Amino acid sequence: MTYKGIIFDMDGVLFDTENFYHQRRRAFFASKGISIDHLPPAIFVGGKSGQVWELILQDSPVDWDIEQLSQEYAAYKEKHPIPYKELIFPDTRESLKALVEMGLDLVIGSNTEKEYVQMAIEEAGIAPYFKTVFSGADCPAYKPDPAVYQKAQAFLAYDASEVLVIEDSAKGIQAAVSAGLEVWAIEDTELGMDQSQANRLVRNLSHVIENIKENR
């Protein structure tokens, strides 16, 4: 299969951020006297905390104002920003450079708000490799809804068979599959994510390039 465009998820694909997210999440809820230990870390990956508020709070004896708690969590995240430059995967820059040199068009499709995605890729020095950024926040629904990938494919203007998605989370993989796109998953060895819907598992972005070259 000859691909012409690739849509990348961001967290867990370009940046090794999942552990940072989980520790920040745990610290915030602990400050409120709320434990999230009853939930597997994988349930948060690829989604938004708002998608699992009821699961987070089910063991809490206090009736929380979820809207207020959401605002406080957003403020907490602002005070504890992600060090993207430090968390970029070692092979991300060279891999993106190689893919562009191979003639592929690259875009991002993430559940993260567009301003934060843009900030991350600019901070890490990889923004020039991407044609544009799409966010689930600008779609009718977040992943696992396919909307963000449908928008990204429409922008690329290639047939579905010519577009590849690189993901890691179960929600993201499901979104890509629902959009009718080939999806390869960066293999999870730590969080126990269900990646069974992916068409292929790859070790990292360098392995993505190896597979693309083999398929040409």
# chains A, B, ... in the order shown; residues from 1 in each chain; ligands from 1
>>> residues_around(residues="stretch 97-108 of chain A", least_positions_apart="5", cutoff="6 Å", atoms="only C-alpha atoms", output="ChimeraX atom specification")
/A:4-9,130-134
>>> write_last_selection(atoms="N, CA, C and O atoms", output="PDB file, in the first residue's frame")
ATOM      1  N   LYS A   4      -0.087   8.383   1.029  1.00  0.00           N
ATOM      2  CA  LYS A   4       0.242   9.751   0.638  1.00  0.00           C
ATOM      3  C   LYS A   4       0.149  10.722   1.810  1.00  0.00           C
ATOM      4  O   LYS A   4       0.730  11.801   1.771  1.00  0.00           O
ATOM      5  N   GLY A   5      -0.624  10.352   2.833  1.00  0.00           N
ATOM      6  CA  GLY A   5      -0.786  11.213   4.001  1.00  0.00           C
ATOM      7  C   GLY A   5      -0.820  10.395   5.275  1.00  0.00           C
ATOM      8  O   GLY A   5      -1.267   9.246   5.276  1.00  0.00           O
ATOM      9  N   ILE A   6      -0.329  10.991   6.353  1.00  0.00           N
ATOM     10  CA  ILE A   6      -0.367  10.338   7.662  1.00  0.00           C
ATOM     11  C   ILE A   6      -0.977  11.304   8.666  1.00  0.00           C
ATOM     12  O   ILE A   6      -0.605  12.483   8.722  1.00  0.00           O
ATOM     13  N   ILE A   7      -1.909  10.783   9.459  1.00  0.00           N
ATOM     14  CA  ILE A   7      -2.516  11.555  10.544  1.00  0.00           C
ATOM     15  C   ILE A   7      -1.971  11.003  11.859  1.00  0.00           C
ATOM     16  O   ILE A   7      -2.124   9.814  12.148  1.00  0.00           O
ATOM     17  N   PHE A   8      -1.358  11.863  12.638  1.00  0.00           N
ATOM     18  CA  PHE A   8      -0.763  11.457  13.903  1.00  0.00           C
ATOM     19  C   PHE A   8      -1.624  11.895  15.084  1.00  0.00           C
ATOM     20  O   PHE A   8      -2.040  13.056  15.157  1.00  0.00           O
ATOM     21  N   ASP A   9      -1.876  10.978  15.996  1.00  0.00           N
ATOM     22  CA  ASP A   9      -2.278  11.389  17.329  1.00  0.00           C
ATOM     23  C   ASP A   9      -1.050  12.043  17.955  1.00  0.00           C
ATOM     24  O   ASP A   9       0.073  11.869  17.460  1.00  0.00           O
ATOM     25  N   PHE A 130       4.250  19.578   9.903  1.00  0.00           N
ATOM     26  CA  PHE A 130       2.817  19.307   9.794  1.00  0.00           C
ATOM     27  C   PHE A 130       2.102  20.363   8.959  1.00  0.00           C
ATOM     28  O   PHE A 130       2.334  21.559   9.116  1.00  0.00           O
ATOM     29  N   LYS A 131       1.202  19.884   8.109  1.00  0.00           N
ATOM     30  CA  LYS A 131       0.411  20.792   7.283  1.00  0.00           C
ATOM     31  C   LYS A 131      -0.574  21.588   8.139  1.00  0.00           C
ATOM     32  O   LYS A 131      -0.808  22.766   7.900  1.00  0.00           O
ATOM     33  N   THR A 132      -1.167  20.926   9.118  1.00  0.00           N
ATOM     34  CA  THR A 132      -2.116  21.582  10.005  1.00  0.00           C
ATOM     35  C   THR A 132      -2.416  20.671  11.183  1.00  0.00           C
ATOM     36  O   THR A 132      -1.937  19.535  11.251  1.00  0.00           O
ATOM     37  N   VAL A 133      -3.234  21.177  12.096  1.00  0.00           N
ATOM     38  CA  VAL A 133      -3.614  20.453  13.311  1.00  0.00           C
ATOM     39  C   VAL A 133      -5.133  20.415  13.418  1.00  0.00           C
ATOM     40  O   VAL A 133      -5.803  21.430  13.193  1.00  0.00           O
ATOM     41  N   PHE A 134      -5.678  19.261  13.775  1.00  0.00           N
ATOM     42  CA  PHE A 134      -7.107  19.113  14.034  1.00  0.00           C
ATOM     43  C   PHE A 134      -7.298  18.643  15.471  1.00  0.00           C
ATOM     44  O   PHE A 134      -6.544  17.807  15.959  1.00  0.00           O
TER      45      PHE A 134
END
>>> residues_around(residues="A:Glu167", least_positions_apart="2", cutoff="9 Å", atoms="only C-alpha atoms", output="JSON, numbers by chain")
{"A": [7, 8, 9, 10, 11, 12, 13, 46, 165, 169, 170, 172, 173, 176, 183, 184, 185, 186, 198]}
>>> residues_around(residues="A:Leu69", least_positions_apart="4", cutoff="10 Å", atoms="only C-alpha atoms", output="PyMOL selection string")
chain A and resi 29+32+53+64-65+73-75
>>> select_by_dssp(residues="stretch 49-182 of chain A", states="strand (DSSP E)", output="VMD selection string")
chain A and resid 105 to 110 133 to 135 163 to 167 182
